[in-house]
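Enquirer: If it helps, the file is called data29.pdb and holds PDB, C-alpha atoms:
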MODEL        1
ATOM      1  CA  MET A 143     -40.230-165.203  58.570
ATOM      2  CA  ARG A 144     -43.547-163.648  57.504
ATOM      3  CA  VAL A 145     -47.050-163.846  58.921
ATOM      4  CA  ARG A 146     -48.137-166.013  55.958
ATOM      5  CA  ASP A 147     -45.592-168.657  57.058
ATOM      6  CA  VAL A 148     -47.140-169.004  60.503
ATOM      7  CA  MET A 149     -50.830-168.054  60.257
ATOM      8  CA  THR A 150     -53.763-170.420  59.980
ATOM      9  CA  HIS A 151     -54.903-170.231  56.366
ATOM     10  CA  ASN A 152     -58.259-172.025  56.284
ATOM     11  CA  VAL A 153     -60.231-169.604  58.418
ATOM     12  CA  VAL A 154     -63.831-170.242  59.372
ATOM     13  CA  THR A 155     -65.799-166.982  59.254
ATOM     14  CA  VAL A 156     -69.377-166.094  60.104
ATOM     15  CA  PRO A 157     -71.787-163.335  58.971
ATOM     16  CA  SER A 158     -72.917-160.714  61.455
ATOM     17  CA  THR A 159     -76.507-161.934  61.038
ATOM     18  CA  MET A 160     -75.726-165.365  62.501
ATOM     19  CA  ARG A 161     -77.511-166.105  65.778
ATOM     20  CA  ILE A 162     -75.122-166.290  68.711
ATOM     21  CA  LEU A 163     -76.367-169.780  69.598
ATOM     22  CA  GLU A 164     -75.220-170.952  66.153
ATOM     23  CA  ALA A 165     -71.869-169.199  66.568
ATOM     24  CA  GLU A 166     -71.441-170.859  69.953
ATOM     25  CA  ARG A 167     -72.124-174.301  68.475
ATOM     26  CA  LEU A 168     -69.643-173.579  65.687
ATOM     27  CA  LEU A 169     -66.923-172.645  68.173
ATOM     28  CA  GLU A 170     -67.570-175.788  70.206
ATOM     29  CA  PHE A 171     -67.608-178.050  67.135
ATOM     30  CA  HIS A 172     -64.271-176.754  65.797
ATOM     31  CA  LYS A 173     -62.790-176.145  69.273
ATOM     32  CA  PHE A 174     -62.054-172.542  68.278
ATOM     33  CA  GLU A 175     -61.684-169.558  70.572
ATOM     34  CA  ARG A 176     -62.711-166.892  68.053
ATOM     35  CA  LEU A 177     -64.391-166.323  64.690
ATOM     36  CA  PRO A 178     -63.839-163.419  62.275
ATOM     37  CA  VAL A 179     -67.110-161.825  61.182
ATOM     38  CA  VAL A 180     -67.324-161.199  57.449
ATOM     39  CA  ASP A 181     -70.098-159.409  55.557
ATOM     40  CA  LYS A 182     -70.038-159.222  51.751
ATOM     41  CA  GLY A 183     -66.417-160.341  51.654
ATOM     42  CA  LYS A 184     -65.220-157.668  54.099
ATOM     43  CA  LEU A 185     -64.082-157.976  57.707
ATOM     44  CA  ALA A 186     -66.799-156.587  59.964
ATOM     45  CA  GLY A 187     -65.721-157.741  63.403
ATOM     46  CA  LEU A 188     -64.582-160.560  65.661
ATOM     47  CA  VAL A 189     -66.574-162.749  68.008
ATOM     48  CA  THR A 190     -64.825-164.723  70.730
ATOM     49  CA  LYS A 191     -65.740-167.445  73.171
ATOM     50  CA  ASP A 192     -65.419-164.940  76.002
ATOM     51  CA  THR A 193     -67.836-162.463  74.416
ATOM     52  CA  LEU A 194     -70.343-165.254  73.909
ATOM     53  CA  LEU A 195     -70.046-166.253  77.554
ATOM     54  CA  ARG A 196     -70.529-162.662  78.669
ATOM     55  CA  ALA A 197     -73.621-162.436  76.492
ATOM     56  CA  SER A 198     -75.189-165.398  78.306
ATOM     57  CA  PRO A 199     -77.528-164.550  81.208
ATOM     58  CA  SER A 200     -76.307-164.956  84.767
ATOM     59  CA  PRO A 201     -77.222-168.248  86.523
ATOM     60  CA  ALA A 202     -78.956-166.045  89.119
ATOM     61  CA  THR A 203     -81.542-164.785  86.614
ATOM     62  CA  SER A 204     -85.203-165.260  87.412
ATOM     63  CA  LEU A 205     -86.083-166.083  83.801
ATOM     64  CA  SER A 206     -87.233-169.583  82.896
ATOM     65  CA  ARG A 207     -85.201-171.824  80.589
ATOM     66  CA  GLY A 208     -87.679-171.219  77.790
ATOM     67  CA  GLU A 209     -87.482-167.449  78.239
ATOM     68  CA  LEU A 210     -83.679-167.573  78.260
ATOM     69  CA  HIS A 211     -83.576-169.637  75.089
ATOM     70  CA  TYR A 212     -86.008-167.251  73.412
ATOM     71  CA  LEU A 213     -83.897-164.195  74.299
ATOM     72  CA  LEU A 214     -80.645-165.823  73.191
ATOM     73  CA  SER A 215     -82.209-167.014  69.940
ATOM     74  CA  LYS A 216     -82.914-163.379  69.026
ATOM     75  CA  LEU A 217     -79.364-162.144  69.571
ATOM     76  CA  THR A 218     -77.034-162.072  66.586
ATOM     77  CA  VAL A 219     -73.265-161.927  66.274
ATOM     78  CA  LYS A 220     -73.594-158.257  65.324
ATOM     79  CA  ASP A 221     -74.988-157.498  68.798
ATOM     80  CA  ILE A 222     -71.888-158.711  70.637
ATOM     81  CA  MET A 223     -68.963-158.720  68.191
ATOM     82  CA  LYS A 224     -65.865-156.588  68.586
ATOM     83  CA  LYS A 225     -65.881-154.081  65.740
ATOM     84  CA  ASN A 226     -62.436-152.468  66.060
ATOM     85  CA  VAL A 227     -60.355-155.464  65.045
ATOM     86  CA  ILE A 228     -56.561-155.259  64.942
ATOM     87  CA  THR A 229     -55.313-156.660  61.642
ATOM     88  CA  VAL A 230     -51.982-157.462  60.020
ATOM     89  CA  THR A 231     -50.950-158.332  56.477
ATOM     90  CA  PRO A 232     -49.531-161.674  55.263
ATOM     91  CA  ASP A 233     -46.240-159.996  54.304
ATOM     92  CA  MET A 234     -45.627-158.430  57.717
ATOM     93  CA  THR A 235     -42.680-159.951  59.576
ATOM     94  CA  ILE A 236     -43.586-162.254  62.430
ATOM     95  CA  GLU A 237     -41.479-160.073  64.738
ATOM     96  CA  ARG A 238     -43.548-156.978  63.943
ATOM     97  CA  ALA A 239     -46.827-158.897  64.191
ATOM     98  CA  THR A 240     -45.801-160.111  67.650
ATOM     99  CA  GLU A 241     -45.076-156.514  68.658
ATOM    100  CA  VAL A 242     -48.525-155.458  67.418
ATOM    101  CA  ALA A 243     -50.187-158.185  69.490
ATOM    102  CA  GLN A 244     -48.194-157.236  72.587
ATOM    103  CA  GLU A 245     -48.786-153.513  72.160
ATOM    104  CA  ASN A 246     -52.539-154.113  71.980
ATOM    105  CA  ARG A 247     -52.533-156.871  74.622
ATOM    106  CA  ILE A 248     -54.398-159.317  72.441
ATOM    107  CA  GLY A 249     -53.900-162.988  71.628
ATOM    108  CA  CYS A 250     -55.243-162.936  68.093
ATOM    109  CA  LEU A 251     -54.612-160.964  64.915
ATOM    110  CA  VAL A 252     -56.821-161.223  61.849
ATOM    111  CA  VAL A 253     -54.768-161.353  58.659
ATOM    112  CA  THR A 254     -56.186-159.358  55.749
ATOM    113  CA  GLU A 255     -55.319-158.436  52.183
ATOM    114  CA  GLY A 256     -57.231-155.250  51.560
ATOM    115  CA  GLU A 257     -60.546-155.934  53.299
ATOM    116  CA  ARG A 258     -60.509-159.680  52.618
ATOM    117  CA  VAL A 259     -59.737-162.100  55.449
ATOM    118  CA  VAL A 260     -56.989-164.519  54.406
ATOM    119  CA  GLY A 261     -55.859-165.919  57.732
ATOM    120  CA  ILE A 262     -55.704-165.656  61.471
ATOM    121  CA  LEU A 263     -52.620-165.461  63.688
ATOM    122  CA  THR A 264     -52.738-166.359  67.379
ATOM    123  CA  THR A 265     -50.170-166.438  70.137
ATOM    124  CA  ASN A 266     -50.437-170.233  70.028
ATOM    125  CA  ASP A 267     -49.410-170.150  66.345
ATOM    126  CA  ILE A 268     -46.351-168.106  67.284
ATOM    127  CA  PHE A 269     -45.412-170.424  70.133
ATOM    128  CA  TYR A 270     -45.907-173.700  68.276
ATOM    129  CA  ARG A 271     -44.476-172.644  64.905
ATOM    130  CA  VAL A 272     -41.766-170.168  65.902
ATOM    131  CA  VAL A 273     -40.787-170.341  69.577
ATOM    132  CA  ASN A 274     -40.921-174.125  69.999
ATOM    133  CA  PRO A 275     -38.750-174.907  66.940
ATOM    134  CA  LEU A 276     -36.314-172.136  67.889
ATOM    135  CA  PHE A 277     -35.812-173.481  71.393
ATOM    136  CA  GLY A 278     -36.258-177.125  70.430
ATOM    137  CA  ILE A 279     -39.145-177.501  72.873
ATOM    138  CA  GLY A 280     -40.501-181.036  72.881
ATOM    139  CA  GLN A 281     -37.518-182.334  70.914
ATOM    140  CA  GLU A 282     -34.939-184.864  72.065
ATOM    141  CA  GLY A 283     -31.302-184.031  72.601
ATOM    142  CA  LYS A 284     -29.210-182.163  75.134
ATOM    143  CA  ARG A 285     -28.897-178.463  75.858
ATOM    144  CA  ILE A 286     -25.736-176.920  77.185
ATOM    145  CA  VAL A 287     -24.974-173.350  78.234
ATOM    146  CA  VAL A 288     -21.553-172.014  77.328
ATOM    147  CA  HIS A 289     -20.912-169.183  79.763
ATOM    148  CA  GLY A 290     -19.254-166.052  78.451
ATOM    149  CA  ALA A 291     -19.626-167.106  74.806
ATOM    150  CA  GLY A 292     -22.119-164.496  73.697
ATOM    151  CA  GLU A 293     -19.785-162.331  71.624
ATOM    152  CA  ALA A 294     -18.768-162.990  68.005
ATOM    153  CA  PRO A 295     -15.161-164.207  68.647
ATOM    154  CA  GLU A 296     -16.307-166.627  71.352
ATOM    155  CA  ILE A 297     -19.204-167.862  69.208
ATOM    156  CA  LEU A 298     -16.749-168.697  66.428
ATOM    157  CA  THR A 299     -14.569-170.619  68.883
ATOM    158  CA  VAL A 300     -17.572-172.577  70.146
ATOM    159  CA  LEU A 301     -18.579-173.480  66.582
ATOM    160  CA  GLU A 302     -15.041-174.639  65.883
ATOM    161  CA  CYS A 303     -15.369-176.968  68.879
ATOM    162  CA  VAL A 304     -18.663-178.225  67.475
ATOM    163  CA  ASN A 305     -16.970-179.012  64.154
ATOM    164  CA  LYS A 306     -13.944-180.677  65.777
ATOM    165  CA  THR A 307     -16.131-183.052  67.775
ATOM    166  CA  GLY A 308     -18.578-183.723  64.932
ATOM    167  CA  THR A 309     -21.455-182.583  67.096
ATOM    168  CA  LYS A 310     -24.757-182.037  65.300
ATOM    169  CA  LEU A 311     -26.818-179.081  66.489
ATOM    170  CA  LYS A 312     -30.549-178.584  66.297
ATOM    171  CA  THR A 313     -30.347-174.894  67.197
ATOM    172  CA  PHE A 314     -28.176-172.426  69.061
ATOM    173  CA  TRP A 315     -29.064-168.995  70.332
ATOM    174  CA  HIS A 316     -27.730-166.045  72.265
ATOM    175  CA  PRO A 317     -30.299-164.873  74.841
ATOM    176  CA  THR A 318     -30.584-161.279  75.999
ATOM    177  CA  GLY A 319     -31.173-160.086  79.524
ATOM    178  CA  ILE A 320     -29.828-162.153  82.428
ATOM    179  CA  GLU A 321     -27.907-164.586  80.230
ATOM    180  CA  GLU A 322     -26.843-162.117  77.570
ATOM    181  CA  LYS A 323     -23.183-163.178  77.712
ATOM    182  CA  ASN A 324     -23.966-166.862  77.249
ATOM    183  CA  LEU A 325     -24.553-169.126  74.264
ATOM    184  CA  ILE A 326     -27.053-171.985  74.422
ATOM    185  CA  LEU A 327     -26.600-175.025  72.217
ATOM    186  CA  HIS A 328     -29.256-177.660  71.579
ATOM    187  CA  MET A 329     -27.608-180.841  70.313
ATOM    188  CA  GLU A 330     -29.277-183.684  68.453
ATOM    189  CA  SER A 331     -27.624-186.273  70.705
ATOM    190  CA  SER A 332     -27.977-186.533  74.469
ATOM    191  CA  GLU A 333     -24.248-187.334  74.692
ATOM    192  CA  ALA A 334     -22.553-184.023  75.404
ATOM    193  CA  GLY A 335     -19.281-185.300  76.865
ATOM    194  CA  PRO A 336     -16.915-184.817  73.884
ATOM    195  CA  LEU A 337     -18.134-181.307  73.139
ATOM    196  CA  ILE A 338     -18.057-180.235  76.771
ATOM    197  CA  SER A 339     -14.482-181.504  77.117
ATOM    198  CA  GLN A 340     -13.407-179.601  74.011
ATOM    199  CA  LEU A 341     -15.104-176.409  75.224
ATOM    200  CA  LYS A 342     -13.417-176.668  78.599
ATOM    201  CA  LYS A 343     -10.047-177.032  76.857
ATOM    202  CA  GLU A 344     -10.771-173.662  75.278
ATOM    203  CA  GLY A 345     -11.363-172.194  78.729
ATOM    204  CA  PHE A 346     -15.171-172.094  78.722
ATOM    205  CA  SER A 347     -17.389-172.866  81.692
ATOM    206  CA  VAL A 348     -20.192-175.173  80.574
ATOM    207  CA  GLU A 349     -23.518-176.041  82.181
ATOM    208  CA  GLU A 350     -25.762-178.924  81.134
ATOM    209  CA  ARG A 351     -29.525-178.438  80.893
ATOM    210  CA  ASN A 352     -32.453-180.718  80.166
TER     211      ASN A 352
ENDMDL
END
Before we go any further, please render this structure as structure tokens.

Expert:
Amino acid sequence: MRVRDVMTHNVVTVPSTMRILEAERLLEFHKFERLPVVDKGKLAGLVTKDTLLRASPSPATSLSRGELHYLLSKLTVKDIMKKNVITVTPDMTIERATEVAQENRIGCLVVTEGERVVGILTTNDIFYRVVNPLFGIGQEGKRIVVHGAGEAPEILTVLECVNKTGTKLKTFWHPTGIEEKNLILHMESSEAGPLISQLKKEGFSVEERN
């Protein structure tokens, strides 16, 4: 899977000359968390909801409301934007893009072709379009854990059991770490009885999960 398969394509961008009050209204209207800054077709920076909040005066200020509004109306996106923006390309694998985001401890990657912004990739995009479908999050059905079935021969045996019982799977995966020797199956049906019985006949220990 590539970044272009997961990213948001229709990206709203702003020029660096935009007043921050306008950028703030734009974020609120679209319910965005960030906006790429583009000047003359080239990526110039990134402005986020957090940077806009930090740019706002403290509630403890002694300035009047009129004075505050006047000061804020003079500030532009260029004054507060992040200039060193981490970017990825549309053809980069989603695995590598996730590594880049984790290495830089950021929740957003601007997607560029050359200097042109073509998309934006966030951690939410990765969760909703990659992680959720992989794990079947939010989908009906039953999950079972087949203990000790994480190696190739055991996986083949488990799949033979799936075929024998006519069980339809949404996904199956082999986790690493604590459960690295297990195989997790997500079935379309909530009725796991026939498959579990067949697996136990093959000597597997099986655990049901919601």

Enquirer: I'd like the residues picked by the PyMOL selection byres ((chain A and resi 320-337) around 8) written out as an NGL selection string, using the chain letters and numbers from the file.

Expert: :A and (277-278 or 282-293 or 297 or 303-304 or 307 or 309-319 or 338-341)

Enquirer: Which residues, named as in the file, does the PyMOL selection byres ((chain A and resi 177) around 12) pick out? Answer as a PDB file with C-alpha atoms, keeping the file's coordinate frame.

Expert:
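Result written to part_19.pdb:
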ATOM      1  CA  ASN A 152     -58.259-172.025  56.284  1.00  0.00           C
ATOM      2  CA  VAL A 153     -60.231-169.604  58.418  1.00  0.00           C
ATOM      3  CA  VAL A 154     -63.831-170.242  59.372  1.00  0.00           C
ATOM      4  CA  THR A 155     -65.799-166.982  59.254  1.00  0.00           C
ATOM      5  CA  VAL A 156     -69.377-166.094  60.104  1.00  0.00           C
ATOM      6  CA  PRO A 157     -71.787-163.335  58.971  1.00  0.00           C
ATOM      7  CA  SER A 158     -72.917-160.714  61.455  1.00  0.00           C
ATOM      8  CA  MET A 160     -75.726-165.365  62.501  1.00  0.00           C
ATOM      9  CA  ILE A 162     -75.122-166.290  68.711  1.00  0.00           C
ATOM     10  CA  GLU A 164     -75.220-170.952  66.153  1.00  0.00           C
ATOM     11  CA  ALA A 165     -71.869-169.199  66.568  1.00  0.00           C
ATOM     12  CA  GLU A 166     -71.441-170.859  69.953  1.00  0.00           C
ATOM     13  CA  ARG A 167     -72.124-174.301  68.475  1.00  0.00           C
ATOM     14  CA  LEU A 168     -69.643-173.579  65.687  1.00  0.00           C
ATOM     15  CA  LEU A 169     -66.923-172.645  68.173  1.00  0.00           C
ATOM     16  CA  GLU A 170     -67.570-175.788  70.206  1.00  0.00           C
ATOM     17  CA  HIS A 172     -64.271-176.754  65.797  1.00  0.00           C
ATOM     18  CA  LYS A 173     -62.790-176.145  69.273  1.00  0.00           C
ATOM     19  CA  PHE A 174     -62.054-172.542  68.278  1.00  0.00           C
ATOM     20  CA  GLU A 175     -61.684-169.558  70.572  1.00  0.00           C
ATOM     21  CA  ARG A 176     -62.711-166.892  68.053  1.00  0.00           C
ATOM     22  CA  PRO A 178     -63.839-163.419  62.275  1.00  0.00           C
ATOM     23  CA  VAL A 179     -67.110-161.825  61.182  1.00  0.00           C
ATOM     24  CA  VAL A 180     -67.324-161.199  57.449  1.00  0.00           C
ATOM     25  CA  LEU A 185     -64.082-157.976  57.707  1.00  0.00           C
ATOM     26  CA  ALA A 186     -66.799-156.587  59.964  1.00  0.00           C
ATOM     27  CA  GLY A 187     -65.721-157.741  63.403  1.00  0.00           C
ATOM     28  CA  LEU A 188     -64.582-160.560  65.661  1.00  0.00           C
ATOM     29  CA  VAL A 189     -66.574-162.749  68.008  1.00  0.00           C
ATOM     30  CA  THR A 190     -64.825-164.723  70.730  1.00  0.00           C
ATOM     31  CA  LYS A 191     -65.740-167.445  73.171  1.00  0.00           C
ATOM     32  CA  ASP A 192     -65.419-164.940  76.002  1.00  0.00           C
ATOM     33  CA  THR A 193     -67.836-162.463  74.416  1.00  0.00           C
ATOM     34  CA  LEU A 194     -70.343-165.254  73.909  1.00  0.00           C
ATOM     35  CA  VAL A 219     -73.265-161.927  66.274  1.00  0.00           C
ATOM     36  CA  MET A 223     -68.963-158.720  68.191  1.00  0.00           C
ATOM     37  CA  LYS A 224     -65.865-156.588  68.586  1.00  0.00           C
ATOM     38  CA  VAL A 227     -60.355-155.464  65.045  1.00  0.00           C
ATOM     39  CA  CYS A 250     -55.243-162.936  68.093  1.00  0.00           C
ATOM     40  CA  LEU A 251     -54.612-160.964  64.915  1.00  0.00           C
ATOM     41  CA  VAL A 252     -56.821-161.223  61.849  1.00  0.00           C
ATOM     42  CA  VAL A 259     -59.737-162.100  55.449  1.00  0.00           C
ATOM     43  CA  GLY A 261     -55.859-165.919  57.732  1.00  0.00           C
ATOM     44  CA  ILE A 262     -55.704-165.656  61.471  1.00  0.00           C
ATOM     45  CA  LEU A 263     -52.620-165.461  63.688  1.00  0.00           C
ATOM     46  CA  THR A 264     -52.738-166.359  67.379  1.00  0.00           C
TER      47      THR A 264
END

Enquirer: Suppose you want the space between CA of Thr229 in chain A and CA of Glu245 in chain A; what is it in Å?

Expert: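 Rounded to one decimal, the two atoms are 12.8 Å apart.
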
Enquirer: So what do you get for CA of Asp267 in chain A versus CA of Lys184 in chain A, distance-wise?

Expert: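 Between CA of Asp267 in chain A and CA of Lys184 in chain A the gap works out to 23.6 Å.
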
Enquirer: Between CA of Phe346 in chain A and CA of Thr299 in chain A, what is the distance, to one decimal in Å?

Expert: 10.0 Å

Enquirer: Within 8 Å of Met234 in chain A, counting only C-alpha atoms, which residues qualify if same-chain residues fewer than 4 places away don't, as a list in words?

Expert: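 The residues satisfying every condition are Arg144, Val145, Val230, Arg238 and Ala239 of chain A.
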
Enquirer: For Val253 in chain A, which residue among A:Pro295, A:Glu349, A:Glu302, A:Pro232 is the nearest when counting only C-alpha atoms?

Expert: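 Of all the options, A:Pro232 lies closest to Val253 in chain A.
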
Enquirer: Select, from A:Arg351, A:Ile236, A:Thr159, A:Ile222, the residue with the minimum atom-to-atom distance to Phe269 in chain A, counting only C-alpha atoms.

Expert: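 The closest residue to Phe269 in chain A is A:Ile236.
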
Enquirer: Which residue out of A:Gln281, A:Thr265, A:Asn305, A:Thr254 has the minimum interatomic distance to Thr231 in chain A when all atoms listed in the file are used?

Expert: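 That would be A:Thr254, the residue with the smallest distance to Thr231 in chain A.
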
Enquirer: Restricting the calculation to only C-alpha atoms, which member of A:Gly345, A:Leu163, A:Val242, A:Glu237 is positioned closest to Val273 in chain A?

Expert: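 Checking each candidate against Val273 in chain A, we get A:Glu237 as the closest.
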
Enquirer: Measuring between all atoms listed in the file, which one of A:Met149, A:Ala243, A:Leu301, A:Val260 shows the shortest distance to Gly183 in chain A?

Expert: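 Among A:Met149, A:Ala243, A:Leu301, A:Val260, it is A:Val260 that comes nearest to Gly183 in chain A.
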
Enquirer: Pick the closest to Asp147 in chain A from A:Gln244, A:Asn226, A:Thr235, A:Thr218: which is it, counting all atoms listed in the file?

Expert: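 Nearest to Asp147 in chain A: A:Thr235.
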
Enquirer: As a PDB file, in the frame of the given file, could you write out range 275-290 of chain A once it has been completed with N, CA and C atoms?

Expert:
ATOM      1  N   PRO A 275     -39.873-174.452  67.773  1.00  0.00           N
ATOM      2  CA  PRO A 275     -38.750-174.907  66.940  1.00  0.00           C
ATOM      3  C   PRO A 275     -37.433-174.192  67.259  1.00  0.00           C
ATOM      4  N   LEU A 276     -37.521-172.892  67.572  1.00  0.00           N
ATOM      5  CA  LEU A 276     -36.314-172.136  67.889  1.00  0.00           C
ATOM      6  C   LEU A 276     -35.615-172.686  69.119  1.00  0.00           C
ATOM      7  N   PHE A 277     -36.385-172.981  70.152  1.00  0.00           N
ATOM      8  CA  PHE A 277     -35.812-173.481  71.393  1.00  0.00           C
ATOM      9  C   PHE A 277     -35.753-175.004  71.463  1.00  0.00           C
ATOM     10  N   GLY A 278     -36.277-175.668  70.430  1.00  0.00           N
ATOM     11  CA  GLY A 278     -36.258-177.125  70.430  1.00  0.00           C
ATOM     12  C   GLY A 278     -37.165-177.726  71.481  1.00  0.00           C
ATOM     13  N   ILE A 279     -38.230-177.018  71.839  1.00  0.00           N
ATOM     14  CA  ILE A 279     -39.145-177.501  72.873  1.00  0.00           C
ATOM     15  C   ILE A 279     -39.865-178.759  72.391  1.00  0.00           C
ATOM     16  N   GLY A 280     -39.856-179.774  73.233  1.00  0.00           N
ATOM     17  CA  GLY A 280     -40.501-181.036  72.881  1.00  0.00           C
ATOM     18  C   GLY A 280     -39.642-181.946  72.035  1.00  0.00           C
ATOM     19  N   GLN A 281     -38.416-181.524  71.731  1.00  0.00           N
ATOM     20  CA  GLN A 281     -37.518-182.334  70.914  1.00  0.00           C
ATOM     21  C   GLN A 281     -36.448-182.992  71.787  1.00  0.00           C
ATOM     22  N   GLU A 282     -35.970-184.146  71.326  1.00  0.00           N
ATOM     23  CA  GLU A 282     -34.939-184.864  72.065  1.00  0.00           C
ATOM     24  C   GLU A 282     -33.594-184.171  71.897  1.00  0.00           C
ATOM     25  N   GLY A 283     -32.626-184.615  72.674  1.00  0.00           N
ATOM     26  CA  GLY A 283     -31.302-184.031  72.601  1.00  0.00           C
ATOM     27  C   GLY A 283     -30.885-183.427  73.918  1.00  0.00           C
ATOM     28  N   LYS A 284     -29.771-182.768  73.919  1.00  0.00           N
ATOM     29  CA  LYS A 284     -29.210-182.163  75.134  1.00  0.00           C
ATOM     30  C   LYS A 284     -28.933-180.691  74.895  1.00  0.00           C
ATOM     31  N   ARG A 285     -29.228-179.882  75.910  1.00  0.00           N
ATOM     32  CA  ARG A 285     -28.897-178.463  75.858  1.00  0.00           C
ATOM     33  C   ARG A 285     -27.724-178.185  76.792  1.00  0.00           C
ATOM     34  N   ILE A 286     -26.820-177.367  76.321  1.00  0.00           N
ATOM     35  CA  ILE A 286     -25.736-176.920  77.185  1.00  0.00           C
ATOM     36  C   ILE A 286     -25.623-175.408  77.084  1.00  0.00           C
ATOM     37  N   VAL A 287     -25.203-174.799  78.187  1.00  0.00           N
ATOM     38  CA  VAL A 287     -24.974-173.350  78.234  1.00  0.00           C
ATOM     39  C   VAL A 287     -23.469-173.123  78.296  1.00  0.00           C
ATOM     40  N   VAL A 288     -22.970-172.365  77.346  1.00  0.00           N
ATOM     41  CA  VAL A 288     -21.553-172.014  77.328  1.00  0.00           C
ATOM     42  C   VAL A 288     -21.449-170.591  77.881  1.00  0.00           C
ATOM     43  N   HIS A 289     -20.970-170.484  79.093  1.00  0.00           N
ATOM     44  CA  HIS A 289     -20.912-169.183  79.763  1.00  0.00           C
ATOM     45  C   HIS A 289     -19.844-168.290  79.132  1.00  0.00           C
ATOM     46  N   GLY A 290     -20.202-167.023  78.977  1.00  0.00           N
ATOM     47  CA  GLY A 290     -19.254-166.052  78.451  1.00  0.00           C
ATOM     48  C   GLY A 290     -18.967-166.198  76.968  1.00  0.00           C
TER      49      GLY A 290
END
